[in-house]
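Visitor: Structure in structure tokens, see below.
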Amino acid sequence: MNALTTPDKLAADTAMGPVTLLVADLDAMTTYYTDAVPLRILSATDRTVTLGRGGVPTVILEHAPELTHAAAGSAGLFHTAILFESKAALAAALYSVARKAPGTFTGSADHLVSIAFYFTDPECNGVELYWDRDRTEWSWVHGSVEMATLYVDPNEFLSEHLTIEGQSTPGDESVFGRTQVGHVHLSVGDVATARQFYVDTLGFDATTSLGNQALFVSAGGYHHHMAMNVWNSRGAGPRMPALGLGRIDIRVPEADSLGELTERLTHHKVQVRDDGRTVSFDDPWANLIRVEISAS
């Protein structure tokens with residue numbers, strides 16, 4: 001993969017920031033993401049709770065009781081994927097959810113590049129907890145990363161990777177290490193429009209696709225920072241205000257990268273909101289995206 005930054009591409013060091021969720025029950029959602037997942041509260045107000053590990057914001061819960069759930073088939077969040085640094089940390093997180101909220105488990109998979117476990121939070125937002133294999137183990141063929149969906153037995157994974165510490169000290173940073181949003185997966189109306197926006201306009205590289213069903217994109221040769229599928233939302237139009245996804249944050253390494261992105265968006269006639277530190281805009285389905293410069 002060519003990781004060199006060009007004016008029509010996002011910088012190679014681009015990464016995902018936290019995902020903001022608009023929630024009806026702030027206390028219940030905070031309990032799920034701290035007791036089950038488990039993340040730690042990094043900051044909190046009456047309206048907003050920021051959660052993460054190792055000081056890195058991962059999920060932001062914003063109280064929005066005036067909103068209701070979106071209609072079935074709408075565009076929006078498919079899942080937020082939270083990346084753990086080791087198999088032991090992932091096993092400890094899986095064990096925690098299994099103990100505190102076993103009914104939220106929805107599946108597991110070996111994707112060749114990663115091992116993932118899937119859940120649905122109390123307000124029906126998808127959550128993926130995963131660990132990446134080393135990049136040297138990923139296989140690229142003609143510019144596409146090889147991924148699959150192979151069954152992983154959760155109990156077998158726990159028996160192999162759960163430590164004594166992982167069973168007894170859910171608040172210990174030495175068990176979980178740092179978490180971050182590894183990727184964000186969206187439900188969209190159609191893949192062609194997603195490719196035009198996220199690849200041709202925003203500047204991600206397409207890393208793999210499933211025909212007209214799903215597209216995976218990244219910067220810098222990662223397997224995917226974002227994905228879009230139509231499995232539950234084919235034909236969906238722009239979102240109406242609703243519970244669920246509030247904002248996706250993306251971080252670029254320097255001011256030049258942010259400036260180049262702003263120029264591309266303006267060239268493609270995307271309405272941009274620039275406050276001098278961040279650039280915000282909507283994708284074709286009215287998903288709000290904010291891009292900022294990474295903290296040094």
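Residue names in the structure tokens use chain letters A, B, ... in the order shown, residue numbers from 1 in each chain, and ligand numbers from 1 in the order shown.
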According to DSSP computed on the backbone, where in segment 17-90 of chain A is there helix (DSSP H, G or I)? Give the residues as a PyMOL selection string.
Guide: chain A and resi 26-36+87-90
Visitor: Would you mind exporting the chosen residues as a PDB file, in the first residue's frame, restricted to N, CA, C and O atoms?
Guide:
```
ATOM      1  N   LEU A  26     -29.509   8.658  30.231  1.00  0.00           N
ATOM      2  CA  LEU A  26     -28.065   8.846  30.415  1.00  0.00           C
ATOM      3  C   LEU A  26     -27.519   7.937  31.509  1.00  0.00           C
ATOM      4  O   LEU A  26     -26.430   7.368  31.357  1.00  0.00           O
ATOM      5  N   ASP A  27     -28.247   7.760  32.602  1.00  0.00           N
ATOM      6  CA  ASP A  27     -27.758   6.931  33.696  1.00  0.00           C
ATOM      7  C   ASP A  27     -27.633   5.470  33.277  1.00  0.00           C
ATOM      8  O   ASP A  27     -26.620   4.812  33.551  1.00  0.00           O
ATOM      9  N   ALA A  28     -28.647   4.940  32.604  1.00  0.00           N
ATOM     10  CA  ALA A  28     -28.610   3.537  32.189  1.00  0.00           C
ATOM     11  C   ALA A  28     -27.517   3.283  31.172  1.00  0.00           C
ATOM     12  O   ALA A  28     -26.817   2.259  31.229  1.00  0.00           O
ATOM     13  N   MET A  29     -27.343   4.210  30.249  1.00  0.00           N
ATOM     14  CA  MET A  29     -26.298   4.039  29.233  1.00  0.00           C
ATOM     15  C   MET A  29     -24.911   4.177  29.848  1.00  0.00           C
ATOM     16  O   MET A  29     -23.979   3.445  29.488  1.00  0.00           O
ATOM     17  N   THR A  30     -24.755   5.084  30.790  1.00  0.00           N
ATOM     18  CA  THR A  30     -23.468   5.212  31.478  1.00  0.00           C
ATOM     19  C   THR A  30     -23.146   3.937  32.242  1.00  0.00           C
ATOM     20  O   THR A  30     -22.007   3.447  32.217  1.00  0.00           O
ATOM     21  N   THR A  31     -24.145   3.381  32.903  1.00  0.00           N
ATOM     22  CA  THR A  31     -23.940   2.129  33.637  1.00  0.00           C
ATOM     23  C   THR A  31     -23.505   1.010  32.702  1.00  0.00           C
ATOM     24  O   THR A  31     -22.580   0.243  33.017  1.00  0.00           O
ATOM     25  N   TYR A  32     -24.127   0.902  31.535  1.00  0.00           N
ATOM     26  CA  TYR A  32     -23.749  -0.154  30.599  1.00  0.00           C
ATOM     27  C   TYR A  32     -22.301   0.004  30.149  1.00  0.00           C
ATOM     28  O   TYR A  32     -21.523  -0.959  30.142  1.00  0.00           O
ATOM     29  N   TYR A  33     -21.936   1.211  29.773  1.00  0.00           N
ATOM     30  CA  TYR A  33     -20.597   1.414  29.214  1.00  0.00           C
ATOM     31  C   TYR A  33     -19.491   1.438  30.272  1.00  0.00           C
ATOM     32  O   TYR A  33     -18.315   1.307  29.924  1.00  0.00           O
ATOM     33  N   THR A  34     -19.848   1.565  31.545  1.00  0.00           N
ATOM     34  CA  THR A  34     -18.826   1.511  32.591  1.00  0.00           C
ATOM     35  C   THR A  34     -18.805   0.157  33.303  1.00  0.00           C
ATOM     36  O   THR A  34     -17.738  -0.388  33.568  1.00  0.00           O
ATOM     37  N   ASP A  35     -19.973  -0.396  33.609  1.00  0.00           N
ATOM     38  CA  ASP A  35     -20.023  -1.662  34.331  1.00  0.00           C
ATOM     39  C   ASP A  35     -19.851  -2.866  33.419  1.00  0.00           C
ATOM     40  O   ASP A  35     -19.274  -3.880  33.817  1.00  0.00           O
ATOM     41  N   ALA A  36     -20.353  -2.791  32.212  1.00  0.00           N
ATOM     42  CA  ALA A  36     -20.326  -3.943  31.317  1.00  0.00           C
ATOM     43  C   ALA A  36     -19.157  -3.878  30.347  1.00  0.00           C
ATOM     44  O   ALA A  36     -18.315  -4.772  30.307  1.00  0.00           O
ATOM     45  N   LYS A  87      -5.087  -9.400  23.402  1.00  0.00           N
ATOM     46  CA  LYS A  87      -6.127 -10.418  23.529  1.00  0.00           C
ATOM     47  C   LYS A  87      -6.590 -10.524  24.975  1.00  0.00           C
ATOM     48  O   LYS A  87      -7.783 -10.747  25.243  1.00  0.00           O
ATOM     49  N   ALA A  88      -5.665 -10.374  25.927  1.00  0.00           N
ATOM     50  CA  ALA A  88      -6.032 -10.459  27.344  1.00  0.00           C
ATOM     51  C   ALA A  88      -6.987  -9.328  27.718  1.00  0.00           C
ATOM     52  O   ALA A  88      -7.951  -9.540  28.468  1.00  0.00           O
ATOM     53  N   ALA A  89      -6.736  -8.121  27.210  1.00  0.00           N
ATOM     54  CA  ALA A  89      -7.625  -6.997  27.496  1.00  0.00           C
ATOM     55  C   ALA A  89      -8.997  -7.224  26.874  1.00  0.00           C
ATOM     56  O   ALA A  89     -10.033  -6.947  27.495  1.00  0.00           O
ATOM     57  N   LEU A  90      -9.026  -7.719  25.640  1.00  0.00           N
ATOM     58  CA  LEU A  90     -10.295  -8.010  24.979  1.00  0.00           C
ATOM     59  C   LEU A  90     -11.050  -9.100  25.739  1.00  0.00           C
ATOM     60  O   LEU A  90     -12.275  -9.009  25.927  1.00  0.00           O
TER      61      LEU A  90
END
```
Visitor: Can you pull out the residues contacting segment 253-270 of chain A? Cut-off 8 Å, using only C-alpha atoms, and skip same-chain residues under 2 positions away; I want them as a ChimeraX atom specification.
Guide: /A:7-8,10-11,13-14,201-203,251,272,279,281-282,291-294
Visitor: Which polymer residues have any atom within 8 Å of an atom of segment 67-75 of chain A, counting only C-alpha atoms, with same-chain residues fewer than 2 positions away left out, as a list in words?
Guide: Ala24, Ala64, Pro65, Leu77, Leu186, Ser187, Val188, Gly189, Asn232, Ser233, Arg234, Ala236, Gly237, Pro238, Arg239, Met240, Pro241, Ala242, Leu243, Gly244 and Trp285 of chain A
Visitor: Report as CSV: every residue of segment 132-194 of chain A with an atom at most 6 Å from segment 113-123 of chain A, its closest pair of atoms, and their distance in Å to one decimal, counting only C-alpha atoms, with rows sorted by chain and ascending residue number.
Guide:
```
residue,atom,partner,partner_atom,distance
A:Asp132,CA,A:Ser114,CA,4.3
A:Arg133,CA,A:Ser114,CA,5.3
A:Trp138,CA,A:Val113,CA,5.6
```
Visitor: Skipping near chain neighbours, those fewer than 4 positions away, what residues fall within 8 Å of segment 54-57 of chain A using only C-alpha atoms, listed as a ChimeraX atom specification?
Guide: /A:17-18,42,50,173,177-180
Visitor: Could you save those same residues with all heavy atoms as a compact mmCIF listing (two decimals), in the first residue's frame?
Guide:
```txt
# COMPACT_ATOMS: atom_id res chain seq x y z
N GLY A 17 -11.61 9.48 16.20
CA GLY A 17 -11.81 9.99 17.54
C GLY A 17 -13.04 9.34 18.16
O GLY A 17 -13.54 8.33 17.67
N PRO A 18 -13.56 9.91 19.24
CA PRO A 18 -14.72 9.31 19.91
C PRO A 18 -15.99 9.39 19.06
O PRO A 18 -16.11 10.24 18.18
CB PRO A 18 -14.86 10.15 21.18
CG PRO A 18 -14.23 11.46 20.83
CD PRO A 18 -13.09 11.13 19.92
N LEU A 42 -14.32 9.69 32.04
CA LEU A 42 -13.21 10.64 31.97
C LEU A 42 -13.65 12.04 32.38
O LEU A 42 -12.87 12.81 32.93
CB LEU A 42 -12.63 10.66 30.55
CG LEU A 42 -12.12 9.33 30.00
CD1 LEU A 42 -11.54 9.52 28.61
CD2 LEU A 42 -11.09 8.70 30.93
N THR A 50 -18.28 11.56 29.13
CA THR A 50 -17.22 11.12 28.23
C THR A 50 -16.53 9.91 28.84
O THR A 50 -16.09 9.94 29.99
CB THR A 50 -16.19 12.25 28.01
OG1 THR A 50 -16.85 13.37 27.43
CG2 THR A 50 -15.07 11.78 27.07
N GLU A 173 -6.31 -0.35 35.15
CA GLU A 173 -5.80 0.04 33.83
C GLU A 173 -4.79 -0.96 33.30
O GLU A 173 -4.64 -1.14 32.09
CB GLU A 173 -5.16 1.44 33.90
CG GLU A 173 -6.13 2.57 34.17
CD GLU A 173 -7.10 2.81 33.02
OE1 GLU A 173 -6.87 2.29 31.91
OE2 GLU A 173 -8.09 3.51 33.24
N GLY A 177 -5.58 -1.61 29.66
CA GLY A 177 -4.76 -0.70 28.88
C GLY A 177 -5.60 0.43 28.30
O GLY A 177 -6.62 0.83 28.87
N ARG A 178 -5.19 0.91 27.15
CA ARG A 178 -5.90 2.00 26.50
C ARG A 178 -6.93 1.44 25.52
O ARG A 178 -6.70 0.43 24.88
CB ARG A 178 -4.89 2.87 25.74
CG ARG A 178 -5.49 4.13 25.15
CD ARG A 178 -4.46 4.91 24.36
NE ARG A 178 -4.17 4.26 23.08
CZ ARG A 178 -3.57 4.85 22.06
NH1 ARG A 178 -3.15 6.09 22.17
NH2 ARG A 178 -3.37 4.19 20.93
N THR A 179 -8.07 2.13 25.41
CA THR A 179 -9.02 1.82 24.35
C THR A 179 -9.11 3.02 23.43
O THR A 179 -8.77 4.14 23.80
CB THR A 179 -10.43 1.53 24.90
OG1 THR A 179 -10.91 2.66 25.62
CG2 THR A 179 -10.42 0.31 25.80
N GLN A 180 -9.58 2.78 22.22
CA GLN A 180 -9.86 3.85 21.28
C GLN A 180 -10.87 3.35 20.27
O GLN A 180 -11.11 2.13 20.16
CB GLN A 180 -8.59 4.30 20.55
CG GLN A 180 -7.99 3.23 19.65
CD GLN A 180 -6.67 3.65 19.05
OE1 GLN A 180 -5.62 3.47 19.66
NE2 GLN A 180 -6.73 4.20 17.85
```
Visitor: Report as a list in words all protein, DNA and RNA residues lying within 10 Å of Arg99 of chain A, evaluated on only C-alpha atoms, omitting residues in the same chain fewer than 4 positions from it.
Guide: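 Contacts, in chain order: Asp35, Ala36, Ala93, Leu94, Tyr95, Gly103 and Gln167 of chain A.
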Visitor: Please, could you write that set of residues out with C-alpha atoms as an mmCIF file, in the first residue's frame?
Guide:
```cif
data_model
loop_
_atom_site.group_PDB
_atom_site.id
_atom_site.type_symbol
_atom_site.label_atom_id
_atom_site.label_comp_id
_atom_site.auth_asym_id
_atom_site.auth_seq_id
_atom_site.Cartn_x
_atom_site.Cartn_y
_atom_site.Cartn_z
ATOM 1 C CA ASP A 35 -20.023 -1.662 34.331
ATOM 2 C CA ALA A 36 -20.326 -3.943 31.317
ATOM 3 C CA ALA A 93 -13.858 -6.875 28.430
ATOM 4 C CA LEU A 94 -15.773 -9.843 26.988
ATOM 5 C CA TYR A 95 -15.875 -11.453 30.445
ATOM 6 C CA GLY A 103 -28.263 -10.563 26.898
ATOM 7 C CA GLN A 167 -11.639 -11.735 36.201
#
```
Visitor: Using only C-alpha atoms for the distances, tell me which of A:His79, A:Arg195, A:Arg40, A:His142 is nearest to Gly182 of chain A.
Guide: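 Distance minimum relative to Gly182 of chain A lands on A:His79.
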Visitor: Taking only segment 99-214 of chain A into account, list the residues labelled strand (DSSP E) by DSSP (computed from the backbone), as a PyMOL selection string.
Guide: chain A and resi 105-110+114-120+126-132+140-141+144-145+180-187+205-210+214
Visitor: Could you take the residues named above and write them with N, CA, C and O atoms, as a short mmCIF file (atom, residue, chain, number, x, y, z; two decimals), in the first residue's frame?
Guide:
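Result went into out.cif, see below:
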```cif
data_model
loop_
_atom_site.label_atom_id
_atom_site.label_comp_id
_atom_site.auth_asym_id
_atom_site.auth_seq_id
_atom_site.Cartn_x
_atom_site.Cartn_y
_atom_site.Cartn_z
N PHE A 105 -25.10 -9.64 24.03
CA PHE A 105 -24.18 -10.28 23.08
C PHE A 105 -24.92 -10.69 21.81
O PHE A 105 -26.01 -11.27 21.88
N THR A 106 -24.36 -10.37 20.64
CA THR A 106 -25.03 -10.70 19.38
C THR A 106 -24.18 -11.55 18.44
O THR A 106 -24.71 -12.04 17.44
N GLY A 107 -22.87 -11.72 18.70
CA GLY A 107 -22.08 -12.53 17.80
C GLY A 107 -20.59 -12.32 17.95
O GLY A 107 -20.14 -11.47 18.72
N SER A 108 -19.83 -13.09 17.18
CA SER A 108 -18.37 -13.01 17.22
C SER A 108 -17.82 -13.40 15.87
O SER A 108 -18.49 -14.08 15.08
N ALA A 109 -16.59 -12.97 15.59
CA ALA A 109 -16.00 -13.29 14.29
C ALA A 109 -14.49 -13.12 14.31
O ALA A 109 -13.96 -12.22 14.97
N ASP A 110 -13.82 -14.00 13.57
CA ASP A 110 -12.42 -13.81 13.20
C ASP A 110 -12.45 -13.24 11.78
O ASP A 110 -12.89 -13.89 10.84
N SER A 114 -8.50 -9.22 12.39
CA SER A 114 -8.90 -8.91 13.76
C SER A 114 -9.81 -10.01 14.30
O SER A 114 -10.31 -10.85 13.55
N ILE A 115 -10.00 -9.97 15.63
CA ILE A 115 -10.98 -10.83 16.29
C ILE A 115 -11.97 -9.91 16.99
O ILE A 115 -11.57 -8.97 17.70
N ALA A 116 -13.27 -10.15 16.78
CA ALA A 116 -14.28 -9.21 17.23
C ALA A 116 -15.44 -9.91 17.92
O ALA A 116 -15.81 -11.03 17.58
N PHE A 117 -16.00 -9.20 18.90
CA PHE A 117 -17.21 -9.63 19.58
C PHE A 117 -18.22 -8.49 19.51
O PHE A 117 -17.87 -7.33 19.68
N TYR A 118 -19.50 -8.85 19.27
CA TYR A 118 -20.51 -7.86 18.95
C TYR A 118 -21.62 -7.84 20.01
O TYR A 118 -22.01 -8.89 20.54
N PHE A 119 -22.13 -6.63 20.26
CA PHE A 119 -23.15 -6.41 21.27
C PHE A 119 -24.11 -5.33 20.80
O PHE A 119 -23.84 -4.61 19.84
N THR A 120 -25.24 -5.22 21.49
CA THR A 120 -26.17 -4.12 21.28
C THR A 120 -26.43 -3.46 22.63
O THR A 120 -26.83 -4.15 23.59
N GLY A 126 -25.21 -0.55 18.01
CA GLY A 126 -24.28 -1.64 17.87
C GLY A 126 -22.92 -1.30 18.47
O GLY A 126 -22.44 -0.16 18.37
N VAL A 127 -22.31 -2.28 19.11
CA VAL A 127 -20.98 -2.13 19.72
C VAL A 127 -20.13 -3.32 19.30
O VAL A 127 -20.56 -4.47 19.41
N GLU A 128 -18.93 -3.04 18.83
CA GLU A 128 -17.95 -4.09 18.55
C GLU A 128 -16.76 -3.89 19.48
O GLU A 128 -16.24 -2.78 19.60
N LEU A 129 -16.32 -4.95 20.13
CA LEU A 129 -15.09 -4.95 20.91
C LEU A 129 -14.12 -5.84 20.17
O LEU A 129 -14.44 -6.99 19.86
N TYR A 130 -12.90 -5.32 19.85
CA TYR A 130 -12.01 -6.11 19.01
C TYR A 130 -10.54 -5.88 19.29
O TYR A 130 -10.16 -4.95 19.98
N TRP A 131 -9.75 -6.78 18.76
CA TRP A 131 -8.28 -6.76 18.83
C TRP A 131 -7.74 -6.99 17.44
O TRP A 131 -8.26 -7.83 16.70
N ASP A 132 -6.72 -6.23 17.07
CA ASP A 132 -6.10 -6.35 15.76
C ASP A 132 -4.92 -7.33 15.77
O ASP A 132 -4.06 -7.26 16.66
N TRP A 140 -2.82 -8.47 1.58
CA TRP A 140 -3.36 -7.53 0.60
C TRP A 140 -3.24 -8.14 -0.79
O TRP A 140 -2.18 -8.65 -1.17
N VAL A 141 -4.30 -8.12 -1.54
CA VAL A 141 -4.30 -8.65 -2.91
C VAL A 141 -4.86 -7.58 -3.83
O VAL A 141 -6.01 -7.16 -3.70
N SER A 144 -6.52 -4.67 -2.14
CA SER A 144 -7.63 -4.94 -1.22
C SER A 144 -7.16 -5.84 -0.08
O SER A 144 -6.43 -6.81 -0.32
N VAL A 145 -7.57 -5.52 1.13
CA VAL A 145 -7.20 -6.34 2.27
C VAL A 145 -8.14 -7.55 2.34
O VAL A 145 -9.34 -7.43 2.09
N GLN A 180 -9.58 2.78 22.22
CA GLN A 180 -9.86 3.85 21.28
C GLN A 180 -10.87 3.35 20.27
O GLN A 180 -11.11 2.13 20.16
N VAL A 181 -11.50 4.28 19.56
CA VAL A 181 -12.36 3.87 18.46
C VAL A 181 -11.46 3.44 17.31
O VAL A 181 -10.71 4.25 16.77
N GLY A 182 -11.52 2.17 16.96
CA GLY A 182 -10.72 1.68 15.85
C GLY A 182 -11.37 1.96 14.52
O GLY A 182 -10.72 2.34 13.55
N HIS A 183 -12.70 1.79 14.48
CA HIS A 183 -13.45 2.12 13.27
C HIS A 183 -14.91 2.36 13.60
O HIS A 183 -15.38 2.02 14.69
N VAL A 184 -15.60 2.97 12.67
CA VAL A 184 -17.03 3.24 12.80
C VAL A 184 -17.72 2.68 11.57
O VAL A 184 -17.30 2.93 10.44
N HIS A 185 -18.77 1.91 11.81
CA HIS A 185 -19.50 1.26 10.72
C HIS A 185 -20.89 1.89 10.65
O HIS A 185 -21.59 1.98 11.66
N LEU A 186 -21.28 2.34 9.46
CA LEU A 186 -22.53 3.04 9.25
C LEU A 186 -23.53 2.22 8.43
O LEU A 186 -23.14 1.42 7.58
N SER A 187 -24.79 2.47 8.68
CA SER A 187 -25.86 2.02 7.79
C SER A 187 -26.17 3.17 6.84
O SER A 187 -26.43 4.30 7.28
N ASP A 205 -9.01 5.78 1.39
CA ASP A 205 -8.76 4.74 0.40
C ASP A 205 -9.79 3.62 0.59
O ASP A 205 -10.08 3.24 1.72
N ALA A 206 -10.32 3.10 -0.50
CA ALA A 206 -11.17 1.91 -0.41
C ALA A 206 -10.27 0.71 -0.17
O ALA A 206 -9.31 0.48 -0.91
N THR A 207 -10.55 -0.08 0.87
CA THR A 207 -9.70 -1.23 1.19
C THR A 207 -10.33 -2.55 0.80
O THR A 207 -9.61 -3.50 0.50
N THR A 208 -11.65 -2.63 0.82
CA THR A 208 -12.33 -3.82 0.31
C THR A 208 -13.81 -3.49 0.19
O THR A 208 -14.27 -2.48 0.72
N SER A 209 -14.54 -4.32 -0.52
CA SER A 209 -15.98 -4.09 -0.68
C SER A 209 -16.69 -5.42 -0.87
O SER A 209 -16.08 -6.43 -1.22
N LEU A 210 -17.98 -5.39 -0.63
CA LEU A 210 -18.85 -6.54 -0.88
C LEU A 210 -19.90 -6.11 -1.89
O LEU A 210 -21.07 -5.89 -1.56
N ALA A 214 -21.59 -3.47 0.81
CA ALA A 214 -20.76 -2.85 1.85
C ALA A 214 -19.45 -2.36 1.27
O ALA A 214 -18.92 -2.93 0.30
#
```
Visitor: Quote the spacing between atom CA of Glu160 of chain A and atom CA of Ser139 of chain A in Å to one decimal place.
Guide: 25.0 Å
Visitor: Can you work out the spacing between atom CA of His225 of chain A and atom CA of Arg247 of chain A in Å, to one decimal?
Guide: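 Pair atom CA of His225 of chain A / atom CA of Arg247 of chain A returns 15.0 Å.
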Visitor: With distances taken over only C-alpha atoms, which residue among A:Val191, A:Leu288, A:Val175, A:Val217 lies nearest His161 of chain A?
Guide: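 Nearest candidate to His161 of chain A out of A:Val191, A:Leu288, A:Val175, A:Val217: A:Val175.
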Visitor: Can you measure atom CA of Ser86 of chain A to atom CA of Leu245 of chain A for me? One decimal in Å is fine.
Guide: 27.4 Å
Visitor: Pick out the residues sitting within 10 Å of Ala92 of chain A, and hand them over as a list in words; count only C-alpha atoms, and ignore anything fewer than 4 positions along from it in its own chain.
Guide: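 Near Ala92 of chain A, the qualifying residues are Val37, Pro38, Ser86, Lys87, Ala88, Ser96, Val97, Ala98, Leu158, His161, Leu162, Thr163, Ile164, Glu165, Gly166, Gln167, Ser168, Thr169, Pro170, Val175 and Phe176 of chain A.
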Visitor: What's around Thr48 of chain A at 10 Å? Count only C-alpha atoms, leave out sequence neighbours fewer than 4 positions away in its own chain, and write the answer as number ranges by chain.
Guide: A: 20-23, 26, 30, 43-44, 60-64
